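Take a look at the structure below.
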Amino acid sequence: MEKSQAEIRVQELRNLLNEANKAYYEDAQPFISDREFDEALAELEELEKKFDLQTPDSPTQRVGGSPTDKFPTVEHPVPLLSLDNTYNAEELKDFDRRVRDKLGEKPFSYAVELKFDGASIRIRYEKGELVLGATRGDGERGDDITTNLKTIRDLPMSLNSAPDVLEVRGEAYMEKEAFVRLNEYREEQGLQPFANPRNSTAGSLKMQDPREVARRPIRMFVFDLLYDTVDKNRTQELKVQEMEKFGLPVCEYFKVCDNADEVLNVIEEWGALRSKLPYETDGVVIKVNEEKYREVLGNTSKAPRWAIAYKFEAEQATTLVESITLQVGRLGSITPVAEFKPVQLAGTTVKRASLHNEDEILRKDIRPGDTVVIEKAGDIIPQVVRVVNPDRENRNEPFKMPDNCPACNEQLVKLGDEVKWRCINPECPPQVRERIIHFASRDAMDIEGLGEAVVDQLVDAGLIKTYADLYKLEKEDLIPLERMAEKSAQNLIDAIKESKKQPFSRVLYALGIRFVGKTVAKDLVNAFKKLDALAEASEEQLIAVDSIGPKIAESVTEFFSNEKNKKILNALTEAGLTFEEEIQENVSNQLNGKIFVLTGTLPSLTRKEASDLIEKHGGKTTSSVSGNTDYLLAGDSAGSKLDKAKKLDVPILNENTFRELIGEA
């Protein structure tokens with residue numbers, strides 16, 4: 001592979017992993033398994049190292065997802081690192097070998113703990129009273145969800161004989177039976193059921209109304225002391241005992257082992273218990289028990305070298321494929337779906353699973369009427385592993401994709417080297433629904449009140465066929481809809497009108513062009529300024545823009561050459577949406593090429609205002625301190641980033657020295 005090819009593949013992997021992080025940590029709607037994520041991350045790490053393509057904002061340098069903008073953001077005084085994963089005995093023994101090579105003859109043991117499938121939380125107590133609860137976020141910053149966490153009954157509001165300052169890390173979770181009851185209630189209310197207990201927990205903790213959170217059956221275990229006033233020369237075992245002494249909820253599944261063979265025995269023992277536990281678990285965590293060795297063993301940028309997660313094999317079940325149906329995605333991709341005879345698997349009833357594409361079906365030779373083995377990848381997403389007895393007589397004919405879209409009857413096509421068939425009709429009903437939901441989403445046009453249920457009704461009633469039709473709606477059109485009173489109808493009309501003020505970059509992102517995310521949309525707007533110029537750009541002109549590769553260029557030109565898309569764009573222009581954006585020229589090049597990290601609270605500047613100033617003078621901002629960081633801009637209550645900057649000798653600025661640097665003092 002040449003470097004130019006590697007750069008394209010690296011960007012593809014980064015986009016995939018960033019979307020997967022957002023879906024997992026922020027939206028609680030994962031779309032790939034843990035193993036698929038780990039494989040993509042490993043490939044990215046290898047390419048970045050081989051071709052020297054590392055950047056500070058790469059997923060290989062980050063933990064989890066970014067904080068949301070719904071809650072105040074807090075910085076973690078101790079980074080909340082992720083864990084590297086291992087899936088078999090050989091990989092675990094490789095970890096053990098690395099630890100022993102580093103520690104030499106020093107005696108040590110392993111603390112083995114059950115790994116919970118929930119949401120990671122940091123909790124702070126001061127003088128024994130709970131004062132803060134936060135999500136892990138990106139590992140350095142998270143969301144302040146203190147009020148919501150106080151609704152968890154397992155979590156004490158005050159502690160017994162605790163030090164003045166105590167920080168712990170834990171996992172919020174939902175028991176299997178409680179999860180089933182919650183989904184039954186949601187289905188009765190006509191709401192979408194949660195995919196699994198982890199999703200329901202993460203989603204519940206991000207709710208804005210603590211009273212509603214209190215109704216959710218969330219529980220909690222704590223598993224680590226982050227820091228306190230107690231001597232650090234101790235073990236993980238003693239830390240767990242201390243947390244229990246303080247009155248914090250700890251899990252009973254904890255063992256100390258002398259070597260890797262003993263660890264593997266515990267893994268086998270707990271794996272057999274898995275289906276009997278009241279909560280979901282996807283593995284065990286193995287830590288060097290003696291805390292004094294953690295500094296010796298150290299960390300990578302995102303994970304400790306003194307701990308690792310061993311992931312259980314996915315649970316399997318056998319069921320019948322009753323039929324293979326076709327699902328039309330937002331961008332027209334046609335996904336075959338196996339419809340099963342319902343079966344229990346990993347705590348939930350499984351009725352269907354994606355078969356991904358025609359090639360995958362033919363490779364596994366899956367046909368209606370087959371008995372198949374299924375599993376949940378990463379205990380989350382059902383998938384077909386293999387067909388049972390594929391050589392039996394009287395099997396149905398092999399599956400064949402239709403020539404036409406199952407929803408609108410337009411001819412299906414394959415674009416470029418893609419394996420998926422697509423419907424490229426922008427008026428295809430399932431695409432209309434998904435495109436409008438995306439168009440109205442918070443990061444796009446941000447149309448409050450235009451949720452999935454309302455979109456379904458508008459499409460079913462024939463009131464909208466494209467997102468351009470939203471701007472033709474009147475209050476009288478909405479009032480007949482279910483649960484739509486006069487006031488809510490007027491509010492929605494007002495929100496649609498208000499969305500016309502969104503800048504060009506958000507409108508471009510809202511159009512739902514394949515591969516055009518928020519960052520790419522901004523880059524395209526910066527380069528072309530106006531819709532007409534962008535629509536007329538050749539693939540060569542598009543590729544000349546930073547971050548735009550051949551696939552994105554091809555997708556953009558295809559979108560703007562489609563006659564139906566042209567009509568929709570004309571309608572949006574007539575409706576008054578913004579398709580031109582004046583990009584302010586840099587005030588100076590004083591900070592040209594300089595990379596800044598912001599931390600703490602500045603006296604007179606918000607983070608956005610400080611970031612804007614940096615960009616206006618030619619600089620860039622990133623979220624984490626590294627050897628590539630040129631300056632740390634620090635305000636009050638600066639956290640771990642300040643300590644890291646000092647260790648790396650990164651120049652530290654306050655607001656006054658920053659203003660002097662850009663000539664605005």
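Residue numbering restarts at 1 for every chain of the structure tokens, chains are lettered A, B, ... in their displayed order, and ligands are numbered from 1 as they appear.
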
Mind checking which residues fall within 12 Å of Leu450 (chain A), counting only C-alpha atoms, ignoring those fewer than 3 positions away in the same chain, and posting them as a PyMOL selection string? chain A and resi 433+436-442+445-447+453-458+467+470+478+484+488-489+491-496+499

Please produce, as CSV, a per-residue contact table for region 284-368 of chain A versus region 421-426 of chain A (criterion: any atom at most 8 Å away, only C-alpha atoms considered), showing the nearest atom pair and its distance in Å to one decimal, sorted by chain then residue number.
```
residue,atom,partner,partner_atom,distance
A:Val328,CA,A:Cys423,CA,8.0
A:Leu331,CA,A:Ile424,CA,7.8
A:Gly332,CA,A:Cys423,CA,4.7
A:Ser333,CA,A:Arg422,CA,4.4
A:Ile334,CA,A:Arg422,CA,5.6
A:Asn357,CA,A:Trp421,CA,7.9
```

Write a file of the selected residues as a short mmCIF file (atom, residue, chain, number, x, y, z; two decimals), in the first residue's frame, keeping N, CA and C atoms.
```
data_model
loop_
_atom_site.label_atom_id
_atom_site.label_comp_id
_atom_site.auth_asym_id
_atom_site.auth_seq_id
_atom_site.Cartn_x
_atom_site.Cartn_y
_atom_site.Cartn_z
N VAL A 328 -34.63 -0.54 3.55
CA VAL A 328 -34.08 0.58 2.78
C VAL A 328 -33.55 1.63 3.75
N LEU A 331 -29.68 6.51 3.08
CA LEU A 331 -28.97 6.86 1.86
C LEU A 331 -29.22 5.85 0.74
N GLY A 332 -30.31 5.09 0.89
CA GLY A 332 -30.73 4.20 -0.19
C GLY A 332 -30.11 2.83 -0.18
N SER A 333 -29.24 2.51 0.79
CA SER A 333 -28.63 1.18 0.83
C SER A 333 -29.70 0.13 1.13
N ILE A 334 -29.63 -0.99 0.43
CA ILE A 334 -30.60 -2.07 0.61
C ILE A 334 -29.95 -3.15 1.46
N ASN A 357 -25.36 -7.73 3.34
CA ASN A 357 -25.40 -7.51 1.89
C ASN A 357 -25.52 -8.86 1.18
#
```

Apply DSSP to the structure's backbone, then extract all residues of region 464-598 of chain A labelled strand (DSSP E or B) and return them as a short mmCIF file (atom, residue, chain, number, x, y, z; two decimals) with N, CA and C atoms, in the first residue's frame.
```cif
data_model
loop_
_atom_site.label_atom_id
_atom_site.label_comp_id
_atom_site.auth_asym_id
_atom_site.auth_seq_id
_atom_site.Cartn_x
_atom_site.Cartn_y
_atom_site.Cartn_z
N LYS A 530 -20.16 29.07 -1.91
CA LYS A 530 -21.54 29.13 -2.38
C LYS A 530 -21.98 27.77 -2.93
N GLU A 580 -25.07 30.14 1.16
CA GLU A 580 -23.87 30.93 0.94
C GLU A 580 -23.33 31.32 2.31
N ILE A 595 -0.86 24.43 17.60
CA ILE A 595 -1.93 23.60 18.16
C ILE A 595 -2.13 23.96 19.63
N PHE A 596 -3.38 24.30 19.98
CA PHE A 596 -3.74 24.70 21.34
C PHE A 596 -4.64 23.65 21.98
N VAL A 597 -4.54 23.53 23.30
CA VAL A 597 -5.49 22.78 24.10
C VAL A 597 -6.02 23.72 25.17
N LEU A 598 -7.33 23.70 25.41
CA LEU A 598 -7.96 24.58 26.39
C LEU A 598 -8.35 23.77 27.63
#
```

Find the residues around Ala162 (chain A) up to 10 Å (only C-alpha atoms counted), leave out those fewer than 5 positions away in its own chain, and share them as a VMD selection string. chain A and resid 125 to 129 228 to 229 242 to 243 245 to 247

Which of A:Lys50, A:Arg141, A:Lys115, A:Lys3 sits closest to Ala638 (chain A) [using only C-alpha atoms]: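 Residue with the minimum atom-to-atom distance to Ala638 (chain A): A:Arg141.
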
Give me every helix (DSSP H, G or I) residue in region 6-211 of chain A, going by DSSP on the backbone, as a ChimeraX atom specification. /A:6-26,34-51,59-61,89-103,146-149,176-188,197-205,210-211

Requested write-out: C-alpha atoms of the selected residues, as an mmCIF file, in the first residue's frame:
```cif
data_model
loop_
_atom_site.group_PDB
_atom_site.id
_atom_site.type_symbol
_atom_site.label_atom_id
_atom_site.label_comp_id
_atom_site.auth_asym_id
_atom_site.auth_seq_id
_atom_site.Cartn_x
_atom_site.Cartn_y
_atom_site.Cartn_z
ATOM 1 C CA ALA A 6 -3.005 4.650 3.372
ATOM 2 C CA GLU A 7 -4.140 8.248 3.960
ATOM 3 C CA ILE A 8 -7.501 7.491 2.354
ATOM 4 C CA ARG A 9 -7.935 4.269 4.350
ATOM 5 C CA VAL A 10 -6.901 6.030 7.574
ATOM 6 C CA GLN A 11 -9.551 8.704 7.044
ATOM 7 C CA GLU A 12 -12.186 6.035 6.344
ATOM 8 C CA LEU A 13 -11.272 4.181 9.542
ATOM 9 C CA ARG A 14 -11.263 7.389 11.590
ATOM 10 C CA ASN A 15 -14.711 8.321 10.290
ATOM 11 C CA LEU A 16 -16.028 4.825 11.089
ATOM 12 C CA LEU A 17 -14.541 4.773 14.601
ATOM 13 C CA ASN A 18 -15.671 8.326 15.419
ATOM 14 C CA GLU A 19 -19.225 7.484 14.344
ATOM 15 C CA ALA A 20 -19.052 4.228 16.325
ATOM 16 C CA ASN A 21 -17.813 6.094 19.419
ATOM 17 C CA LYS A 22 -20.617 8.627 19.119
ATOM 18 C CA ALA A 23 -23.219 5.900 18.615
ATOM 19 C CA TYR A 24 -21.939 3.859 21.579
ATOM 20 C CA TYR A 25 -21.089 6.523 24.164
ATOM 21 C CA GLU A 26 -23.381 9.445 23.317
ATOM 22 C CA ASP A 34 -16.779 -4.620 20.163
ATOM 23 C CA ARG A 35 -14.653 -7.044 18.152
ATOM 24 C CA GLU A 36 -15.310 -5.176 14.866
ATOM 25 C CA PHE A 37 -14.411 -1.916 16.625
ATOM 26 C CA ASP A 38 -11.197 -3.408 18.008
ATOM 27 C CA GLU A 39 -10.217 -4.793 14.594
ATOM 28 C CA ALA A 40 -10.776 -1.415 12.912
ATOM 29 C CA LEU A 41 -8.831 0.339 15.673
ATOM 30 C CA ALA A 42 -5.940 -2.116 15.350
ATOM 31 C CA GLU A 43 -5.804 -1.563 11.585
ATOM 32 C CA LEU A 44 -5.802 2.203 12.098
ATOM 33 C CA GLU A 45 -3.001 2.004 14.684
ATOM 34 C CA GLU A 46 -0.897 -0.113 12.316
ATOM 35 C CA LEU A 47 -1.386 2.243 9.346
ATOM 36 C CA GLU A 48 -0.712 5.374 11.426
ATOM 37 C CA LYS A 49 2.524 3.890 12.749
ATOM 38 C CA LYS A 50 3.723 2.460 9.432
ATOM 39 C CA PHE A 51 3.104 5.648 7.412
ATOM 40 C CA PRO A 59 -9.462 7.713 17.679
ATOM 41 C CA THR A 60 -6.232 5.855 18.531
ATOM 42 C CA GLN A 61 -5.383 8.715 20.902
ATOM 43 C CA ALA A 89 -6.016 -17.555 26.482
ATOM 44 C CA GLU A 90 -3.063 -16.915 24.162
ATOM 45 C CA GLU A 91 -3.677 -13.145 24.131
ATOM 46 C CA LEU A 92 -4.079 -13.123 27.914
ATOM 47 C CA LYS A 93 -0.756 -14.947 28.331
ATOM 48 C CA ASP A 94 0.867 -12.381 26.028
ATOM 49 C CA PHE A 95 -0.332 -9.695 28.438
ATOM 50 C CA ASP A 96 1.045 -11.690 31.377
ATOM 51 C CA ARG A 97 4.393 -12.057 29.573
ATOM 52 C CA ARG A 98 4.634 -8.298 28.999
ATOM 53 C CA VAL A 99 3.908 -7.589 32.672
ATOM 54 C CA ARG A 100 6.522 -10.116 33.859
ATOM 55 C CA ASP A 101 9.145 -8.801 31.438
ATOM 56 C CA LYS A 102 8.605 -5.281 32.802
ATOM 57 C CA LEU A 103 8.520 -6.204 36.506
ATOM 58 C CA THR A 146 -24.991 14.565 39.464
ATOM 59 C CA THR A 147 -28.741 15.135 39.820
ATOM 60 C CA ASN A 148 -29.551 12.044 37.773
ATOM 61 C CA LEU A 149 -27.057 9.854 39.654
ATOM 62 C CA LYS A 176 -32.129 -8.098 32.974
ATOM 63 C CA GLU A 177 -35.650 -8.500 34.384
ATOM 64 C CA ALA A 178 -35.990 -4.768 35.001
ATOM 65 C CA PHE A 179 -34.832 -4.128 31.450
ATOM 66 C CA VAL A 180 -37.485 -6.481 30.055
ATOM 67 C CA ARG A 181 -40.203 -4.736 32.108
ATOM 68 C CA LEU A 182 -38.996 -1.328 30.911
ATOM 69 C CA ASN A 183 -39.132 -2.419 27.261
ATOM 70 C CA GLU A 184 -42.597 -3.906 27.719
ATOM 71 C CA TYR A 185 -43.747 -0.563 29.092
ATOM 72 C CA ARG A 186 -42.128 1.333 26.207
ATOM 73 C CA GLU A 187 -43.776 -0.893 23.622
ATOM 74 C CA GLU A 188 -47.152 -0.395 25.314
ATOM 75 C CA PRO A 197 -29.571 -3.022 29.186
ATOM 76 C CA ARG A 198 -26.409 -1.007 28.530
ATOM 77 C CA ASN A 199 -28.210 1.232 26.041
ATOM 78 C CA SER A 200 -31.171 1.727 28.357
ATOM 79 C CA THR A 201 -28.842 2.700 31.234
ATOM 80 C CA ALA A 202 -26.764 5.143 29.175
ATOM 81 C CA GLY A 203 -29.875 6.656 27.616
ATOM 82 C CA SER A 204 -31.617 7.041 30.963
ATOM 83 C CA LEU A 205 -28.668 8.816 32.585
ATOM 84 C CA PRO A 210 -34.347 13.589 36.984
ATOM 85 C CA ARG A 211 -37.874 12.567 37.983
#
```

Residues near Ala338 (chain A), cut-off 6 Å, only C-alpha atoms, skip fewer than 6 positions along chain, as a list in words: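 My list of contacting residues is Ile324, Arg352 and Ala353 of chain A.
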
Residue nearest Glu615 (chain A) - candidates A:Asn265, A:Gln5, A:Thr281, A:Asn589, atoms counted: only C-alpha atoms: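 Once distances to Glu615 (chain A) are computed over only C-alpha atoms, the minimum belongs to A:Asn589.
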
Mind giving me the straight-line distance from CA of Leu653 (chain A) to CA of Tyr631 (chain A) in Å, one decimal?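 Value for the CA of Leu653 (chain A)-CA of Tyr631 (chain A) distance: 6.9 Å.
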
Taking only C-alpha atoms into account, which of A:Leu632, A:Cys408, A:Ala610, A:Ile548 comes nearest Lys594 (chain A)?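 Answer, going by the shortest atom-to-atom distance: A:Leu632.
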
Give the answer as one residue: which of A:Val288, A:Val384, A:Val78, A:Ala314 has the shortest atom-to-atom distance to Phe340 (chain A), using only C-alpha atoms? A:Val384
